file upload.cif (mmCIF, C-alpha atoms)
data_run
loop_
_atom_site.label_atom_id
_atom_site.label_comp_id
_atom_site.auth_asym_id
_atom_site.auth_seq_id
_atom_site.Cartn_x
_atom_site.Cartn_y
_atom_site.Cartn_z
CA MET O 129 -75.38 -92.76 -71.07
CA VAL O 130 -78.11 -91.17 -73.17
CA ASN O 131 -79.88 -93.36 -75.72
CA GLY O 132 -76.88 -95.65 -75.73
CA ASN O 133 -74.39 -92.82 -76.18
CA TYR O 134 -71.52 -92.12 -73.80
CA VAL O 135 -71.83 -88.40 -72.93
CA ILE O 136 -69.00 -85.98 -72.19
CA ASP O 137 -70.00 -82.48 -71.11
CA ALA O 138 -67.05 -80.50 -72.46
CA HIS O 139 -67.94 -77.10 -70.97
CA CYS O 140 -68.44 -76.99 -67.19
CA HIS O 141 -67.38 -74.24 -64.78
CA ILE O 142 -66.72 -75.17 -61.15
CA TYR O 143 -65.78 -73.02 -58.16
CA PRO O 144 -64.56 -73.56 -54.58
CA GLU O 145 -67.49 -73.87 -52.19
CA LYS O 146 -66.63 -70.73 -50.22
CA ILE O 147 -66.84 -68.45 -53.28
CA ALA O 148 -69.08 -70.46 -55.62
CA ALA O 149 -72.33 -68.59 -55.03
CA ARG O 150 -70.59 -65.26 -55.50
CA ALA O 151 -68.91 -66.43 -58.70
CA VAL O 152 -72.20 -67.69 -60.15
CA ALA O 153 -73.89 -64.39 -59.25
CA GLY O 154 -71.10 -62.51 -61.01
CA THR O 155 -71.67 -64.43 -64.23
CA ASP O 156 -75.42 -63.84 -63.94
CA ALA O 157 -74.78 -60.12 -63.60
CA PHE O 158 -72.45 -60.10 -66.62
CA TYR O 159 -75.01 -61.79 -68.87
CA GLY O 160 -78.28 -60.75 -67.23
CA THR O 161 -79.19 -64.38 -66.56
CA THR O 162 -80.28 -66.50 -63.62
CA ALA O 163 -78.24 -69.67 -63.22
CA ARG O 164 -80.25 -72.88 -63.28
CA CYS O 165 -77.65 -74.47 -61.00
CA PRO O 166 -76.91 -71.74 -58.44
CA GLN O 167 -74.36 -73.61 -56.32
CA GLY O 168 -71.68 -73.97 -59.00
CA THR O 169 -69.82 -76.69 -57.10
CA VAL O 170 -68.45 -80.06 -58.14
CA ALA O 171 -71.03 -81.79 -55.95
CA GLU O 172 -73.87 -80.02 -57.74
CA LEU O 173 -72.34 -80.75 -61.15
CA LEU O 174 -72.07 -84.46 -60.44
CA GLU O 175 -75.61 -84.60 -59.06
CA VAL O 176 -77.36 -82.80 -61.92
CA GLY O 177 -75.07 -84.38 -64.48
CA LYS O 178 -76.09 -87.84 -63.30
CA GLN O 179 -79.74 -86.84 -63.69
CA ALA O 180 -79.00 -85.86 -67.30
CA GLY O 181 -77.15 -89.09 -68.06
CA THR O 182 -73.74 -87.45 -68.42
CA ASP O 183 -70.77 -89.79 -67.96
CA HIS O 184 -67.79 -87.44 -67.86
CA PHE O 185 -67.15 -83.71 -67.41
CA ILE O 186 -64.49 -81.30 -68.69
CA VAL O 187 -64.14 -78.76 -65.85
CA GLN O 188 -62.63 -75.30 -65.89
CA SER O 189 -62.66 -71.83 -64.40
CA VAL O 190 -61.40 -68.39 -65.49
CA ALA O 191 -58.76 -66.15 -63.91
CA THR O 192 -59.77 -62.49 -63.81
CA THR O 193 -56.40 -61.45 -62.35
CA PRO O 194 -52.89 -62.89 -62.88
CA LYS O 195 -52.56 -63.93 -59.24
CA GLN O 196 -55.58 -66.24 -59.56
CA VAL O 197 -54.02 -68.42 -62.26
CA ARG O 198 -51.99 -70.77 -60.10
CA SER O 199 -54.60 -71.21 -57.38
CA ILE O 200 -57.35 -71.92 -59.94
CA ASN O 201 -55.21 -74.44 -61.80
CA GLU O 202 -54.34 -76.23 -58.57
CA PHE O 203 -58.01 -76.20 -57.53
CA ILE O 204 -59.06 -77.78 -60.82
CA ALA O 205 -56.31 -80.41 -60.64
CA ALA O 206 -57.22 -81.31 -57.05
CA ASN O 207 -60.86 -81.83 -57.95
CA VAL O 208 -59.91 -84.00 -60.92
CA ALA O 209 -57.75 -86.16 -58.64
CA GLU O 210 -60.58 -86.58 -56.14
CA ALA O 211 -63.27 -87.40 -58.71
CA LYS O 212 -62.11 -90.95 -59.51
CA GLY O 213 -62.14 -90.59 -63.28
CA LEU O 214 -65.31 -88.53 -63.67
CA LEU O 215 -63.54 -85.24 -64.42
CA THR O 216 -60.93 -83.94 -66.84
CA GLY O 217 -59.48 -80.52 -66.08
CA LEU O 218 -58.51 -77.49 -68.12
CA GLY O 219 -56.26 -74.82 -66.69
CA THR O 220 -56.62 -71.09 -67.08
CA MET O 221 -54.26 -68.27 -68.04
CA HIS O 222 -54.25 -64.48 -67.79
CA PRO O 223 -52.52 -62.37 -70.44
CA LEU O 224 -50.78 -60.18 -67.84
CA CYS O 225 -49.02 -63.05 -66.05
CA GLU O 226 -45.34 -62.16 -65.60
CA ASP O 227 -44.18 -65.70 -66.45
CA ILE O 228 -46.62 -67.22 -68.91
CA ARG O 229 -44.28 -70.06 -69.86
CA GLY O 230 -43.69 -70.91 -66.21
CA GLU O 231 -47.42 -71.00 -65.51
CA MET O 232 -47.99 -73.12 -68.60
CA GLU O 233 -45.33 -75.60 -67.48
CA HIS O 234 -46.97 -75.78 -64.05
CA LEU O 235 -50.37 -76.30 -65.69
CA LYS O 236 -48.94 -79.16 -67.74
CA GLU O 237 -47.27 -80.71 -64.68
CA LEU O 238 -50.64 -80.70 -62.91
CA GLY O 239 -51.99 -82.98 -65.64
CA LEU O 240 -54.45 -80.45 -67.04
CA LYS O 241 -55.46 -81.16 -70.63
CA GLY O 242 -55.84 -77.67 -72.10
CA VAL O 243 -56.45 -74.02 -71.33
CA LYS O 244 -59.70 -72.08 -70.90
CA ILE O 245 -59.85 -68.32 -71.42
CA HIS O 246 -62.79 -65.92 -71.50
CA PRO O 247 -61.67 -62.71 -73.24
CA ASP O 248 -64.94 -60.88 -72.52
CA ILE O 249 -64.95 -61.50 -68.77
CA GLN O 250 -61.18 -61.08 -68.54
CA ALA O 251 -61.58 -57.84 -70.55
CA PHE O 252 -58.66 -58.49 -72.88
CA PRO O 253 -58.96 -59.24 -76.61
CA LEU O 254 -58.12 -62.80 -77.53
CA ASP O 255 -55.30 -61.51 -79.75
CA HIS O 256 -53.62 -59.68 -76.85
CA PRO O 257 -49.81 -60.22 -76.86
CA GLY O 258 -50.00 -62.23 -73.63
CA PHE O 259 -52.53 -64.60 -75.16
CA LEU O 260 -50.45 -64.82 -78.35
CA GLU O 261 -47.48 -65.99 -76.28
CA MET O 262 -49.73 -68.57 -74.64
CA TYR O 263 -51.00 -69.85 -78.01
CA GLY O 264 -47.44 -70.46 -79.16
CA ILE O 265 -46.67 -72.45 -76.02
CA CYS O 266 -49.92 -74.41 -76.35
CA SER O 267 -48.93 -75.28 -79.92
CA GLU O 268 -45.59 -76.58 -78.64
CA MET O 269 -47.20 -78.57 -75.83
CA GLY O 270 -50.09 -79.91 -77.89
CA LEU O 271 -52.69 -78.36 -75.58
CA PRO O 272 -56.03 -77.18 -77.02
CA VAL O 273 -57.45 -73.81 -76.03
CA LEU O 274 -61.15 -73.57 -75.19
CA MET O 275 -62.18 -69.95 -75.42
CA HIS O 276 -65.39 -68.04 -75.10
CA THR O 277 -66.11 -66.59 -78.53
CA GLY O 278 -68.58 -63.96 -79.65
CA ASP O 279 -70.59 -61.19 -78.07
CA TYR O 280 -72.39 -58.45 -79.96
CA ARG O 281 -71.73 -56.09 -77.04
CA TYR O 282 -67.92 -56.22 -77.12
CA ASP O 283 -64.89 -56.51 -79.37
CA TYR O 284 -62.84 -59.02 -77.41
CA SER O 285 -63.69 -62.39 -78.95
CA ASN O 286 -65.47 -61.90 -82.27
CA PRO O 287 -64.27 -63.32 -85.62
CA ASN O 288 -62.15 -60.26 -86.43
CA ARG O 289 -60.04 -61.15 -83.38
CA LEU O 290 -59.99 -64.93 -83.83
CA ILE O 291 -59.32 -65.28 -87.55
CA PRO O 292 -55.78 -63.81 -87.34
CA VAL O 293 -55.00 -66.20 -84.47
CA LEU O 294 -56.19 -69.22 -86.46
CA GLU O 295 -54.01 -68.12 -89.36
CA GLN O 296 -50.93 -67.28 -87.25
CA PHE O 297 -51.07 -70.58 -85.31
CA PRO O 298 -52.24 -73.26 -87.78
CA ASN O 299 -51.07 -76.04 -85.43
CA LEU O 300 -53.04 -74.68 -82.47
CA THR O 301 -56.31 -76.43 -81.71
CA VAL O 302 -58.92 -73.83 -80.79
CA ILE O 303 -62.34 -74.75 -79.45
CA GLY O 304 -64.63 -71.78 -79.98
CA ALA O 305 -67.36 -72.02 -77.36
CA HIS O 306 -70.96 -71.34 -78.37
CA PHE O 307 -70.56 -72.37 -82.02
CA GLY O 308 -67.66 -69.97 -82.40
CA GLY O 309 -69.70 -66.86 -81.69
CA TRP O 310 -72.22 -66.40 -78.91
CA SER O 311 -75.09 -64.18 -80.13
CA ILE O 312 -73.53 -63.97 -83.62
CA TRP O 313 -73.70 -67.68 -84.39
CA GLU O 314 -74.41 -67.62 -88.11
CA GLU O 315 -71.99 -64.80 -88.87
CA ALA O 316 -69.20 -66.59 -87.01
CA THR O 317 -69.88 -69.87 -88.78
CA GLU O 318 -69.92 -68.24 -92.19
CA LYS O 319 -66.56 -66.57 -91.58
CA MET O 320 -64.67 -69.26 -89.68
CA ALA O 321 -65.88 -72.76 -90.53
CA LYS O 322 -63.20 -73.01 -93.23
CA TYR O 323 -60.38 -73.05 -90.67
CA PRO O 324 -59.51 -76.69 -89.93
CA ASN O 325 -57.90 -75.91 -86.55
CA LEU O 326 -61.16 -74.46 -85.21
CA TYR O 327 -63.54 -76.72 -83.35
CA VAL O 328 -66.68 -75.49 -81.60
CA ASP O 329 -68.99 -76.51 -78.79
CA CYS O 330 -72.76 -76.12 -78.66
CA SER O 331 -73.03 -74.67 -75.15
CA SER O 332 -75.26 -71.65 -74.42
CA SER O 333 -76.61 -71.82 -77.96
CA LEU O 334 -79.27 -74.40 -78.73
CA PRO O 335 -82.23 -72.83 -76.85
CA PHE O 336 -81.51 -69.43 -78.36
CA MET O 337 -81.65 -70.29 -82.04
CA GLU O 338 -84.80 -69.09 -83.75
CA HIS O 339 -85.32 -72.57 -85.24
CA PRO O 340 -83.66 -75.93 -84.42
CA GLU O 341 -82.77 -76.21 -88.10
CA ILE O 342 -80.24 -73.41 -87.60
CA SER O 343 -78.33 -75.50 -85.07
CA VAL O 344 -78.31 -78.46 -87.44
CA LYS O 345 -77.01 -76.21 -90.21
CA LEU O 346 -74.19 -74.98 -87.99
CA VAL O 347 -73.24 -78.55 -87.02
CA ARG O 348 -73.07 -79.61 -90.64
CA THR O 349 -71.23 -76.49 -91.80
CA TYR O 350 -68.42 -77.17 -89.35
CA GLY O 351 -68.85 -80.91 -89.67
CA ALA O 352 -70.00 -83.10 -86.80
CA ASN O 353 -66.39 -84.22 -86.29
CA ARG O 354 -65.55 -80.65 -85.16
CA VAL O 355 -68.41 -80.06 -82.68
CA LEU O 356 -68.39 -80.88 -78.95
CA TYR O 357 -71.31 -81.22 -76.61
CA GLY O 358 -71.34 -78.79 -73.66
CA THR O 359 -73.84 -77.29 -71.22
CA ASP O 360 -72.02 -74.25 -69.77
CA PHE O 361 -72.82 -75.48 -66.25
CA PRO O 362 -73.88 -73.87 -63.93
CA MET O 363 -75.70 -71.42 -66.21
CA TRP O 364 -78.14 -73.98 -67.62
CA SER O 365 -79.80 -77.22 -66.61
CA PRO O 366 -77.91 -80.27 -67.92
CA VAL O 367 -81.22 -82.14 -68.19
CA GLU O 368 -82.74 -79.41 -70.34
CA GLU O 369 -79.61 -79.10 -72.47
CA ILE O 370 -79.70 -82.83 -73.25
CA ASP O 371 -83.31 -82.44 -74.34
CA HIS O 372 -82.43 -79.49 -76.59
CA PHE O 373 -79.67 -81.51 -78.22
CA LEU O 374 -81.77 -84.63 -78.72
CA ALA O 375 -84.43 -82.51 -80.42
CA LEU O 376 -82.01 -81.75 -83.28
CA ASP O 377 -82.51 -83.81 -86.42
CA LEU O 378 -79.05 -85.38 -86.38
CA THR O 379 -77.92 -88.87 -87.35
CA GLU O 380 -76.81 -91.34 -84.71
CA GLU O 381 -73.23 -91.04 -85.96
CA GLU O 382 -73.35 -87.25 -85.64
CA ARG O 383 -74.64 -87.58 -82.10
CA ARG O 384 -71.94 -90.10 -81.20
CA LEU O 385 -69.19 -87.79 -82.44
CA ILE O 386 -70.57 -84.72 -80.69
CA PHE O 387 -71.50 -86.44 -77.43
CA SER O 388 -68.09 -88.02 -76.82
CA GLU O 389 -65.77 -89.04 -79.62
CA ASN O 390 -64.52 -85.56 -80.53
CA ALA O 391 -63.77 -84.67 -76.91
CA LYS O 392 -61.92 -87.95 -76.41
CA THR O 393 -59.74 -87.16 -79.40
CA LEU O 394 -59.04 -83.50 -78.61
CA PHE O 395 -58.23 -84.03 -74.94
CA GLY O 396 -56.54 -87.43 -75.32
CA LEU O 397 -59.06 -89.25 -73.16
CA ASP O 398 -59.13 -93.03 -72.77
CA LEU O 399 -62.58 -93.55 -71.26
#

call {"tool": "encode", "arguments": {"input": "upload.cif", "output": "structure tokens"}}
result
Amino acid sequence: MVNGNYVIDAHCHIYPEKIAARAVAGTDAFYGTTARCPQGTVAELLEVGKQAGTDHFIVQSVATTPKQVRSINEFIAANVAEAKGLLTGLGTMHPLCEDIRGEMEHLKELGLKGVKIHPDIQAFPLDHPGFLEMYGICSEMGLPVLMHTGDYRYDYSNPNRLIPVLEQFPNLTVIGAHFGGWSIWEEATEKMAKYPNLYVDCSSSLPFMEHPEISVKLVRTYGANRVLYGTDFPMWSPVEEIDHFLALDLTEEERRLIFSENAKTLFGLDL
């Protein structure tokens, strides 16, 4: 709990212990960053999350090849089962999987509550035909898709790619990480806040805004009922991210929605 608020961190990456350090280093290399939490394991997440006052975690990972999909999804599900109610899991998908429906059915059977994709790291645009097939299945199954969105360096996940998806799949719930457009936050908000099936999270964003008022503006443009709290563990310190969020001039009701209520609704959580 933080200031009386139940806190759900809706954007956490976890990795198996034997490859975790290598996976974290790969993300650092991709973004030119140095992870604040270099282990990238469930044990580290639970430890630093407790220090931050976080009560529950939405965990995920990303498949960079089709053959990784099933093993990642089973890894996430196993960790959820072992965590005694502290974790909720999202599966992953790769657009070149030979049997996308079969993998989606397996993901659902594992009890995972949505799908996470990262078009930039996977190096496929989010409107790739394989992803489009997945979106249709997610719409049928009622599973939200959390996707990395935005990067000035690439053309995989920017608004020009996402807007047609939002229009083609109006019943699909999309969570655009990083306020819908990492590094192009205001542009993304201006173009996409009108789409009611788009939610966003605030991960990897708050410390990088020129002024805190910009973050508040983004929250209120989308509406606090469409924003989720997230840290992008292991990239950043959960303690520092809580501090960044509490520094925003938001109402207590806005904080309550962002900290937990929206995630509970989107992922069907009874916590």

call {"tool": "residues_around", "arguments": {"input": "upload.cif", "residues": "Glu315 of chain O", "least_positions_apart": "5", "cutoff": "10 Å", "atoms": "all atoms listed in the file", "output": "ChimeraX atom specification"}}
result
/O:278,286-287,308-309,320

call {"tool": "axis_aligned_box", "arguments": {"input": "upload.cif", "around": "segment 374-388 of chain O", "padding_each_side": "6 Å", "output": "AutoDock Vina command-line options"}}
result
--center_x -76.3 --center_y -86.5 --center_z -82.1 --size_x 28.3 --size_y 21.6 --size_z 22.5

call {"tool": "residues_around", "arguments": {"input": "upload.cif", "residues": "Phe297 of chain O", "least_positions_apart": "2", "cutoff": "10 Å", "atoms": "only C-alpha atoms", "output": "short mmCIF file (atom, residue, chain, number, x, y, z; two decimals) with C-alpha atoms, in the coordinates of the input"}}
result
data_model
loop_
_atom_site.label_atom_id
_atom_site.label_comp_id
_atom_site.auth_asym_id
_atom_site.auth_seq_id
_atom_site.Cartn_x
_atom_site.Cartn_y
_atom_site.Cartn_z
CA LEU O 260 -50.45 -64.82 -78.35
CA TYR O 263 -51.00 -69.85 -78.01
CA GLY O 264 -47.44 -70.46 -79.16
CA CYS O 266 -49.92 -74.41 -76.35
CA SER O 267 -48.93 -75.28 -79.92
CA PRO O 292 -55.78 -63.81 -87.34
CA VAL O 293 -55.00 -66.20 -84.47
CA LEU O 294 -56.19 -69.22 -86.46
CA GLU O 295 -54.01 -68.12 -89.36
CA ASN O 299 -51.07 -76.04 -85.43
CA LEU O 300 -53.04 -74.68 -82.47
CA THR O 301 -56.31 -76.43 -81.71
CA VAL O 302 -58.92 -73.83 -80.79
CA ASN O 325 -57.90 -75.91 -86.55
#

call {"tool": "residues_around", "arguments": {"input": "upload.cif", "residues": "Glu231 of chain O", "least_positions_apart": "6", "cutoff": "10 Å", "atoms": "all atoms listed in the file", "output": "NGL selection string"}}
result
:O and (197-198 or 201 or 219-222 or 225 or 237 or 262)

call {"tool": "resolve_selection", "arguments": {"input": "upload.cif", "expression": "the PyMOL selection byres ((chain O and resi 247-258) around 10)", "output": "PyMOL selection string"}}
result
chain O and resi 154-155+158+190-193+221-228+244-246+259-263+275-279+281-286+288-293

call {"tool": "write_last_selection", "arguments": {"input": "upload.cif", "atoms": "C-alpha atoms", "output": "PDB file, in the frame of the given file"}}
result
ATOM      1  CA  GLY O 154     -71.100 -62.510 -61.010  1.00  0.00           C
ATOM      2  CA  THR O 155     -71.670 -64.430 -64.230  1.00  0.00           C
ATOM      3  CA  PHE O 158     -72.450 -60.100 -66.620  1.00  0.00           C
ATOM      4  CA  VAL O 190     -61.400 -68.390 -65.490  1.00  0.00           C
ATOM      5  CA  ALA O 191     -58.760 -66.150 -63.910  1.00  0.00           C
ATOM      6  CA  THR O 192     -59.770 -62.490 -63.810  1.00  0.00           C
ATOM      7  CA  THR O 193     -56.400 -61.450 -62.350  1.00  0.00           C
ATOM      8  CA  MET O 221     -54.260 -68.270 -68.040  1.00  0.00           C
ATOM      9  CA  HIS O 222     -54.250 -64.480 -67.790  1.00  0.00           C
ATOM     10  CA  PRO O 223     -52.520 -62.370 -70.440  1.00  0.00           C
ATOM     11  CA  LEU O 224     -50.780 -60.180 -67.840  1.00  0.00           C
ATOM     12  CA  CYS O 225     -49.020 -63.050 -66.050  1.00  0.00           C
ATOM     13  CA  GLU O 226     -45.340 -62.160 -65.600  1.00  0.00           C
ATOM     14  CA  ASP O 227     -44.180 -65.700 -66.450  1.00  0.00           C
ATOM     15  CA  ILE O 228     -46.620 -67.220 -68.910  1.00  0.00           C
ATOM     16  CA  LYS O 244     -59.700 -72.080 -70.900  1.00  0.00           C
ATOM     17  CA  ILE O 245     -59.850 -68.320 -71.420  1.00  0.00           C
ATOM     18  CA  HIS O 246     -62.790 -65.920 -71.500  1.00  0.00           C
ATOM     19  CA  PHE O 259     -52.530 -64.600 -75.160  1.00  0.00           C
ATOM     20  CA  LEU O 260     -50.450 -64.820 -78.350  1.00  0.00           C
ATOM     21  CA  GLU O 261     -47.480 -65.990 -76.280  1.00  0.00           C
ATOM     22  CA  MET O 262     -49.730 -68.570 -74.640  1.00  0.00           C
ATOM     23  CA  TYR O 263     -51.000 -69.850 -78.010  1.00  0.00           C
ATOM     24  CA  MET O 275     -62.180 -69.950 -75.420  1.00  0.00           C
ATOM     25  CA  HIS O 276     -65.390 -68.040 -75.100  1.00  0.00           C
ATOM     26  CA  THR O 277     -66.110 -66.590 -78.530  1.00  0.00           C
ATOM     27  CA  GLY O 278     -68.580 -63.960 -79.650  1.00  0.00           C
ATOM     28  CA  ASP O 279     -70.590 -61.190 -78.070  1.00  0.00           C
ATOM     29  CA  ARG O 281     -71.730 -56.090 -77.040  1.00  0.00           C
ATOM     30  CA  TYR O 282     -67.920 -56.220 -77.120  1.00  0.00           C
ATOM     31  CA  ASP O 283     -64.890 -56.510 -79.370  1.00  0.00           C
ATOM     32  CA  TYR O 284     -62.840 -59.020 -77.410  1.00  0.00           C
ATOM     33  CA  SER O 285     -63.690 -62.390 -78.950  1.00  0.00           C
ATOM     34  CA  ASN O 286     -65.470 -61.900 -82.270  1.00  0.00           C
ATOM     35  CA  ASN O 288     -62.150 -60.260 -86.430  1.00  0.00           C
ATOM     36  CA  ARG O 289     -60.040 -61.150 -83.380  1.00  0.00           C
ATOM     37  CA  LEU O 290     -59.990 -64.930 -83.830  1.00  0.00           C
ATOM     38  CA  ILE O 291     -59.320 -65.280 -87.550  1.00  0.00           C
ATOM     39  CA  PRO O 292     -55.780 -63.810 -87.340  1.00  0.00           C
ATOM     40  CA  VAL O 293     -55.000 -66.200 -84.470  1.00  0.00           C
TER      41      VAL O 293
END

call {"tool": "closest_residue", "arguments": {"input": "upload.cif", "among": "O:Trp364, O:Phe387, O:Phe395, O:Trp313", "to": "Thr162 of chain O", "atoms": "only C-alpha atoms"}}
result
O:Trp364

call {"tool": "resolve_selection", "arguments": {"input": "upload.cif", "expression": "the PyMOL selection byres ((chain O and resi 186) around 6)", "output": "PyMOL selection string"}}
result
chain O and resi 138-139+185+187+215-217

call {"tool": "atom_distance", "arguments": {"input": "upload.cif", "atom1": "atom CA of Leu240 of chain O", "atom2": "atom CA of Leu218 of chain O"}}
result
5.1 Å

call {"tool": "resolve_selection", "arguments": {"input": "upload.cif", "expression": "the PyMOL selection byres ((chain O and resi 167-179) around 8)", "output": "NGL selection string"}}
result
:O and (141-145 or 148-149 or 152 or 165-166 or 180-183 or 207 or 361-362 or 365-367)

call {"tool": "atom_distance", "arguments": {"input": "upload.cif", "atom1": "atom CA of Ala352 of chain O", "atom2": "atom CA of Leu374 of chain O"}}
result
14.4 Å

call {"tool": "residues_around", "arguments": {"input": "upload.cif", "residues": "Val355 of chain O", "least_positions_apart": "4", "cutoff": "6 Å", "atoms": "only C-alpha atoms", "output": "list in words"}}
result
Tyr327, Val328, Asp329 and Ile386 of chain O
